[in-house]
Protein chains: 2
Amino acid sequence: MKYAIGVDFGTESGRAVLVEVATGKELATAIHPYSHGVIDECLPESKVQLDPDWALQDPEDYIRTFQNTIPAVLKQSGIDPLDVIGVGIDFTACTMLPVKADGTPLCTLSEFRQHPHAWVKLWKHHAAQPEADQINETARKRGEKWLDRYGGKISSEWFFSKTLQILNEAPEIYHAAGRLIEAADWVVWQLTGVETRNSCTAGYKAIWSKRDGFPSQDYFASLHPQLATVVADKLSTDIRPVGQRAGGLTQQAAQWTGLKPGTAVAIANVDAHVAVPAATVIEPGRMVMIMGTSTCDMVLGAEEHIVPGMCGYVEDGIVPGYFGYEAGQSCVGDHFAWFVENCVPASYEQEAKERGMDIHQLLEEKAARLAVGESGLLALDWWNGNRSVLVDVDLTGLLIGATLATKPEEIYRALIEATAYGKRIIIETFQKNGVPIHELVACGGLPEKNKLLMQIYADVTGLPIRVSASKQTPALGSAMFGAVAAGRKLGGYDSIYDAAKEMAHLKDEMYAPNPENREVYEKLYAEYILLHDYFGRGSNDVMKRLKQIRAEAKKTLTVSAGEPHA
Amino acid sequence: MKYAIGVDFGTESGRAVLVEVATGKELATAIHPYSHGVIDECLPESKVQLDPDWALQDPEDYIRTFQNTIPAVLKQSGIDPLDVIGVGIDFTACTMLPVKADGTPLCTLSEFRQHPHAWVKLWKHHAAQPEADQINETARKRGEKWLDRYGGKISSEWFFSKTLQILNEAPEIYHAAGRLIEAADWVVWQLTGVETRNSCTAGYKAIWSKRDGFPSQDYFASLHPQLATVVADKLSTDIRPVGQRAGGLTQQAAQWTGLKPGTAVAIANVDAHVAVPAATVIEPGRMVMIMGTSTCDMVLGAEEHIVPGMCGYVEDGIVPGYFGYEAGQSCVGDHFAWFVENCVPASYEQEAKERGMDIHQLLEEKAARLAVGESGLLALDWWNGNRSVLVDVDLTGLLIGATLATKPEEIYRALIEATAYGKRIIIETFQKNGVPIHELVACGGLPEKNKLLMQIYADVTGLPIRVSASKQTPALGSAMFGAVAAGRKLGGYDSIYDAAKEMAHLKDEMYAPNPENREVYEKLYAEYILLHDYFGRGSNDVMKRLKQIRAEAKKTLTVSAGEPHA
């Protein structure tokens, strides 16, 4: 029996899973919480304060993840480490860091240790918004074609926003860096001793495409003269498609992990994207929804299409041979968590307690008793802005239809339904633009927890929904890519397609659209669209004006607090 | 020293207040909870079930109110009953009943005791909606001019809606009734032995005006052939302006109350309207807001104007010599109560408990810390439809601007602000149509409880707000009218103007508009108006369509519950 290990680097911790190559059976799991977690107040071992919106990490936490979790899964499973044929990793993205030419992170050098820009910028580092604004405005002015690939907007979270922030605010760090690199690629470098760059982060986060490469020197120069040669100076144009072998474990990495030197290591990957084959999806037509606090929607396409309002599409970005399309909803699990924290009365908390239920369970039970349309409520799911298809962070939440008889479970259900309508818009936008979708596959935390939500999604979208069998699809996906990196001769697979057929599974249950519910949801969806377009497409920009008034009020407050009144 | 007694008949109880005529000082108060309260499930002493939307009362509860409260205030105060010179009453309206020609309520007769239509129909009896619809539609078709006086709509709560329901559903009751009469007038009849009819209920609730009288026989005939002569058969065209003497206490009423026979009794009045002079308002320009679960707004005008979307205006309807204009907001205190019951998290309840505060107090404290506009939220205050100025019960509530950072106190404040914006629309509609307003006077339960709300109203409307000194303005107002019924010669006053100058008082405090807050509220109000007109004036009737979908869903549910599925 052969085994592969997938290591999934999350926001707060890293997780390793040891998997049977023949079946995908998950034999052991180990989690390593990062010692420094998310660094967002001050740097470790110093009192250097960080501005709000900053979010850093310590690269040594990633090495410790290898050192702790891989030995742990080996021990737990009791297997022979020699039977582990491959390792794959996936990471949050864009999570990037400046390193020396030999891979040494700048933040590990004493001269830079107290410099915030020397550390890893985590995906949710949001301090590069001015740089993102400049990137977008300059691209629009110059008519850069690649902007359309990203729904017309590059995020402040992405690679060049962060890079430009380093150059603007800490040119000494920028110049000291031999490489600027995704943490995903950096950990693979640490395992193999070889620098590689993966097509997934390059494509989705660093404006690279297989056909056109990176943006031009001219474009970079128009952002900042010293950025003109960023690709040649700090990156690599040797972008490798996911599914390839990056190299073999070094002696040192073998010591860290207890695996044998030379064990195959896969090209790095991204958590959401690696979940797609792990959810059995290796062909067009079936959209994977990775549902957590927010949702990533991913679908494969045989052809290249510009789909308005998407997060991006990348050739070979999810599995080789297909265009990987990504869309997103920025407020899903977060939405329900907000509601439970801020809007559920004490009497409900009490009832849940008495009945030994989670409050979400209680709300789900009560909401499930409602007929479709019975609440009279409709919401726009924009509590955290809208990613797809409007790509507008300044949109805000709306609830309409409330009466004095409105109950908490009705609002809760309306919020779920709002995210389902948002999903349907994404699906229809794909479909209208040449990317077919005929089935949904759900994975992530939410589908396990909330069956009502799954049924509502089926009823609203009119599509059947299957659920991934694994509760840790990213780690499973990484293990699958590890098995592919090893190849068939060593007991693995020659492609992710072969691996997915054996190692990825769905649960038996299926959520089928209920025709009666669909009929009512058609009417409600029509109302949603009307409000979506009225508030989201410029007919009434009240949400933005309210945000403006709000920003002014907060500014006044700050001034008032700072300066004593005359 | 001379005294007057005001008796205020509320929904659940009656209240008497004994007042010093010279000063308006309230010496004693007594409350009598009605034995049968609101009868909305089944008739007393029988198992006759009532349909939903029904709300009845027992007229004997009103007599018991006199018997219990007046002796109680006499005893409490220790004054000589001979020094009580007058009694006034006010009532909820339209609260009406069928009686014999001698005033005997039909429901007290054994033959009719088990007939729901024989009982008092309380103001909130809502089962006459089909009749109200017919009244409105017929009036519109015939171009009845009086419809404009009522903002274009007669309510299901009003006199002829209820009358027509009796005729439609229980012609035997209709024909057995010698009179159909407001409970307000009926209790005065019981005190004085003389039937009188007051201008306030006739004008506001029974489509009467001093200049045009009641609608024509032709109009009534077009509703129902037997209704043609309703005015001649069941009512009276002798409508007496408020402020007059109805008569003197009968021997029997003197026995009930402990007052001397012949004590002056005022023409009946309505709770909200009688509060106006009790809040010191006896001239145009100062609008009285009676703020409770809903709000009545009343203002006097020297001239007759059609003001769109009002509840009605009546010459001599509030004080003689002026047109009394009434507008209303259907969801004010109810709004906040709904929020507290359904949307306040357990952690807030806990904090309020630990700090020994009412939850409303806690929310007020937290909301008061917010700068104007800081929440980014805006609401439409239509949780219970909109009375003025849209006159549309099918409108529903809206909240816009929510984010994941939105806190309960921000929503709470947005709901308060929404009612303030609604108030401003009412004020501006009056002003634009020739009814000037330059100051607001608040009374009722809310102004005492919520200072933040008062300040917000001042800031949003830009008008100074004063607060009535009395916590029971209706009862005080009734006592004032009692003193006027007695007249100056007996130690009272010759007019309500004279009475108001001595007996009605304001608190010293004034809520003055804060110029900085006003500036921000101007912007927010502009946004409110935009949404108000978009959703309220037909651009997008989504609220009505959602109500329609909701009604269908409930119908399906009922059918499903009633008929087992095949």
# chains A, B, ... in the order shown; residues from 1 in each chain; ligands from 1
>>> closest_atom_pairs(of="chain A", to="chain B", cutoff="7 Å", atoms="only C-alpha atoms", output="CSV")
residue,atom,partner,partner_atom,distance
A:Trp338,CA,B:Leu404,CA,6.0
A:Glu341,CA,B:Pro345,CA,6.9
A:Asn342,CA,B:Pro345,CA,5.6
A:Cys343,CA,B:Cys343,CA,4.4
A:Val344,CA,B:Pro345,CA,5.0
A:Pro345,CA,B:Pro345,CA,4.6
A:Ala346,CA,B:Ala346,CA,4.1
A:Glu349,CA,B:Ala346,CA,6.9
A:Ala371,CA,B:Ala553,CA,6.2
A:Val372,CA,B:Ala553,CA,6.7
A:Gly373,CA,B:Arg550,CA,5.1
A:Glu374,CA,B:Arg550,CA,4.5
A:Ser375,CA,B:Arg550,CA,6.3
A:Gly376,CA,B:Arg550,CA,5.1
A:Trp383,CA,B:Thr403,CA,4.1
A:Asn384,CA,B:Thr403,CA,5.8
A:Thr396,CA,B:Gly401,CA,4.8
A:Gly397,CA,B:Ala402,CA,4.5
A:Leu398,CA,B:Ile400,CA,4.3
A:Leu399,CA,B:Leu399,CA,5.2
A:Ile400,CA,B:Leu398,CA,4.3
A:Gly401,CA,B:Thr396,CA,4.8
A:Ala402,CA,B:Gly397,CA,4.5
A:Thr403,CA,B:Trp383,CA,4.1
A:Leu404,CA,B:Trp383,CA,5.6
A:Lys407,CA,B:Asn342,CA,6.4
A:Pro408,CA,B:Asn342,CA,6.0
A:Glu527,CA,B:Val542,CA,6.5
A:Val542,CA,B:Glu527,CA,6.5
A:Met543,CA,B:Gly401,CA,5.9
A:Leu546,CA,B:Gly376,CA,5.1
A:Lys547,CA,B:Gly376,CA,5.6
A:Ile549,CA,B:Gly373,CA,5.8
A:Arg550,CA,B:Glu374,CA,4.5
A:Ala553,CA,B:Glu374,CA,5.1
A:Lys554,CA,B:Glu374,CA,6.1
>>> select_by_dssp(residues="stretch 334-507 of chain B", states="strand (DSSP E or B)", output="list in words")
Pro345, Leu378, Ala379, Leu380, Trp383, Gly385, Asn386, Asp392, Gly397, Leu398, Leu399, Ile400, Gly401, Ala402, Ile437, His438, Glu439, Leu440, Val441, Ala442, Cys443, Ile465, Arg466, Val467, Ser468, Leu506 and Lys507 of chain B
>>> write_last_selection(atoms="C-alpha atoms", output="short mmCIF file (atom, residue, chain, number, x, y, z; two decimals), in the first residue's frame")
data_model
loop_
_atom_site.label_atom_id
_atom_site.label_comp_id
_atom_site.auth_asym_id
_atom_site.auth_seq_id
_atom_site.Cartn_x
_atom_site.Cartn_y
_atom_site.Cartn_z
CA PRO B 345 -28.78 39.59 21.51
CA LEU B 378 -30.95 53.98 6.74
CA ALA B 379 -34.43 52.51 7.30
CA LEU B 380 -37.92 53.02 5.97
CA TRP B 383 -42.97 47.83 9.56
CA GLY B 385 -47.42 50.13 6.66
CA ASN B 386 -47.51 53.87 6.17
CA ASP B 392 -50.71 52.43 2.21
CA GLY B 397 -40.01 47.83 6.43
CA LEU B 398 -36.61 48.29 4.83
CA LEU B 399 -33.10 48.49 6.24
CA ILE B 400 -30.19 49.42 4.03
CA GLY B 401 -26.45 49.89 4.64
CA ALA B 402 -25.74 46.88 6.86
CA ILE B 437 -45.81 74.44 11.77
CA HIS B 438 -42.97 76.04 13.70
CA GLU B 439 -42.79 74.05 16.92
CA LEU B 440 -43.48 70.50 18.07
CA VAL B 441 -45.03 69.54 21.40
CA ALA B 442 -44.65 65.94 22.48
CA CYS B 443 -46.80 63.93 24.82
CA ILE B 465 -39.60 70.35 20.67
CA ARG B 466 -41.34 70.97 23.97
CA VAL B 467 -42.79 68.23 26.16
CA SER B 468 -46.14 68.27 27.92
CA LEU B 506 -45.05 72.31 29.43
CA LYS B 507 -41.87 71.02 30.99
#
>>> residues_around(residues="stretch 469-475 of chain B", least_positions_apart="4", cutoff="9 Å", atoms="only C-alpha atoms", output="PyMOL selection string")
chain B and resi 5-9+15-18+26+88-91+270-279+443-445+448+479-480+504-508
>>> write_last_selection(atoms="N, CA and C atoms", output="tab-separated table (two decimals), in the first residue's frame")
chain	number	residue	atom	x	y	z
B	5	ILE	N	-62.96	66.55	36.92
B	5	ILE	CA	-62.51	65.17	36.75
B	5	ILE	C	-62.52	64.83	35.27
B	6	GLY	N	-61.42	64.26	34.82
B	6	GLY	CA	-61.35	63.75	33.45
B	6	GLY	C	-61.29	62.25	33.48
B	7	VAL	N	-62.09	61.61	32.62
B	7	VAL	CA	-62.05	60.14	32.55
B	7	VAL	C	-61.62	59.74	31.14
B	8	ASP	N	-60.52	59.00	31.08
B	8	ASP	CA	-59.90	58.60	29.81
B	8	ASP	C	-60.13	57.11	29.61
B	9	PHE	N	-60.93	56.75	28.60
B	9	PHE	CA	-61.22	55.35	28.34
B	9	PHE	C	-60.21	54.79	27.33
B	15	ARG	N	-59.31	55.40	33.14
B	15	ARG	CA	-58.52	56.13	34.13
B	15	ARG	C	-59.21	57.45	34.45
B	16	ALA	N	-59.34	57.75	35.75
B	16	ALA	CA	-59.88	59.05	36.15
B	16	ALA	C	-58.78	59.86	36.80
B	17	VAL	N	-58.79	61.17	36.51
B	17	VAL	CA	-57.84	62.08	37.15
B	17	VAL	C	-58.61	63.26	37.72
B	18	LEU	N	-58.29	63.59	38.94
B	18	LEU	CA	-58.94	64.72	39.59
B	18	LEU	C	-57.96	65.89	39.58
B	26	GLU	N	-52.65	67.88	39.13
B	26	GLU	CA	-53.33	66.58	39.18
B	26	GLU	C	-53.23	66.04	40.59
B	88	GLY	N	-65.31	65.54	32.29
B	88	GLY	CA	-65.16	65.35	30.85
B	88	GLY	C	-64.67	63.94	30.59
B	89	ILE	N	-64.96	63.44	29.41
B	89	ILE	CA	-64.46	62.10	29.08
B	89	ILE	C	-63.82	62.12	27.70
B	90	ASP	N	-62.88	61.21	27.53
B	90	ASP	CA	-62.35	60.96	26.19
B	90	ASP	C	-62.28	59.46	25.99
B	91	PHE	N	-62.25	59.05	24.74
B	91	PHE	CA	-62.41	57.63	24.43
B	91	PHE	C	-61.50	57.28	23.26
B	270	VAL	N	-62.13	62.58	21.98
B	270	VAL	CA	-61.28	61.44	21.63
B	270	VAL	C	-59.92	61.61	22.32
B	271	ASP	N	-59.35	60.49	22.74
B	271	ASP	CA	-58.13	60.54	23.57
B	271	ASP	C	-57.02	61.40	22.95
B	272	ALA	N	-56.73	61.15	21.69
B	272	ALA	CA	-55.62	61.88	21.07
B	272	ALA	C	-55.96	63.36	20.94
B	273	HIS	N	-57.17	63.66	20.54
B	273	HIS	CA	-57.55	65.03	20.23
B	273	HIS	C	-57.65	65.89	21.48
B	274	VAL	N	-58.13	65.29	22.55
B	274	VAL	CA	-58.29	66.04	23.79
B	274	VAL	C	-56.93	66.37	24.41
B	275	ALA	N	-55.92	65.62	23.96
B	275	ALA	CA	-54.57	65.87	24.47
B	275	ALA	C	-53.98	67.18	23.94
B	276	VAL	N	-54.52	67.68	22.85
B	276	VAL	CA	-53.93	68.86	22.20
B	276	VAL	C	-53.98	70.09	23.13
B	277	PRO	N	-55.17	70.51	23.58
B	277	PRO	CA	-55.16	71.64	24.52
B	277	PRO	C	-54.46	71.30	25.83
B	278	ALA	N	-54.49	70.01	26.22
B	278	ALA	CA	-53.80	69.63	27.46
B	278	ALA	C	-52.29	69.76	27.30
B	279	ALA	N	-51.83	69.79	26.03
B	279	ALA	CA	-50.41	70.00	25.77
B	279	ALA	C	-50.15	71.49	25.46
B	443	CYS	N	-46.24	64.53	23.62
B	443	CYS	CA	-46.80	63.93	24.82
B	443	CYS	C	-46.98	62.44	24.58
B	444	GLY	N	-47.43	61.72	25.59
B	444	GLY	CA	-47.53	60.27	25.47
B	444	GLY	C	-46.36	59.62	26.19
B	445	GLY	N	-46.29	58.30	26.06
B	445	GLY	CA	-45.30	57.56	26.84
B	445	GLY	C	-43.86	57.74	26.39
B	448	GLU	N	-41.15	60.69	27.53
B	448	GLU	CA	-40.63	60.54	28.88
B	448	GLU	C	-39.46	59.56	28.91
B	479	ALA	N	-60.53	66.63	31.82
B	479	ALA	CA	-60.86	67.45	33.00
B	479	ALA	C	-61.00	68.92	32.60
B	480	MET	N	-60.11	69.38	31.71
B	480	MET	CA	-60.19	70.77	31.24
B	480	MET	C	-61.53	71.02	30.56
B	504	ALA	N	-52.99	73.86	31.48
B	504	ALA	CA	-52.05	73.05	30.68
B	504	ALA	C	-50.64	73.63	30.81
B	505	HIS	N	-49.65	72.76	30.91
B	505	HIS	CA	-48.28	73.22	31.14
B	505	HIS	C	-47.28	72.38	30.35
B	506	LEU	N	-46.16	73.02	30.07
B	506	LEU	CA	-45.05	72.31	29.43
B	506	LEU	C	-43.92	72.13	30.44
B	507	LYS	N	-43.10	71.13	30.20
B	507	LYS	CA	-41.87	71.02	30.99
B	507	LYS	C	-40.93	72.16	30.60
B	508	ASP	N	-40.00	72.47	31.49
B	508	ASP	CA	-39.05	73.54	31.19
B	508	ASP	C	-38.10	73.15	30.06
>>> select_by_dssp(residues="stretch 75-303 of chain B", states="alpha helix (DSSP H)", output="count of residues only")
78
>>> residues_around(residues="stretch 415-426 of chain B", least_positions_apart="6", cutoff="7 Å", atoms="only C-alpha atoms", output="list in words")
Val332, Ala379, Leu380, Asp381, Ser388, Val389, Leu453, Ile456, Tyr457, Val460, Thr461 and Tyr525 of chain B
>>> residues_around(residues="A:Asp185", least_positions_apart="5", cutoff="7 Å", atoms="only C-alpha atoms", output="JSON, numbers by chain")
{"A": [196, 197, 198, 268]}
>>> atom_distance(atom1="atom CA of B:Ala22", atom2="atom CA of B:Met1")
7.6 Å
>>> residues_around(residues="stretch 59-76 of chain A", least_positions_apart="5", cutoff="10 Å", atoms="only C-alpha atoms", output="PyMOL selection string")
chain A and resi 5-9+13-19+27-37+81+84+87+96-97+104-108+119-120+183-184+186-187+190-191+253-259
>>> residues_around(residues="B:Arg211", least_positions_apart="3", cutoff="10 Å", atoms="only C-alpha atoms", output="list in words")
Trp208, Phe214 and Glu315 of chain B
>>> atom_distance(atom1="atom CA of B:Ile39", atom2="atom CA of B:Gln165")
17.7 Å
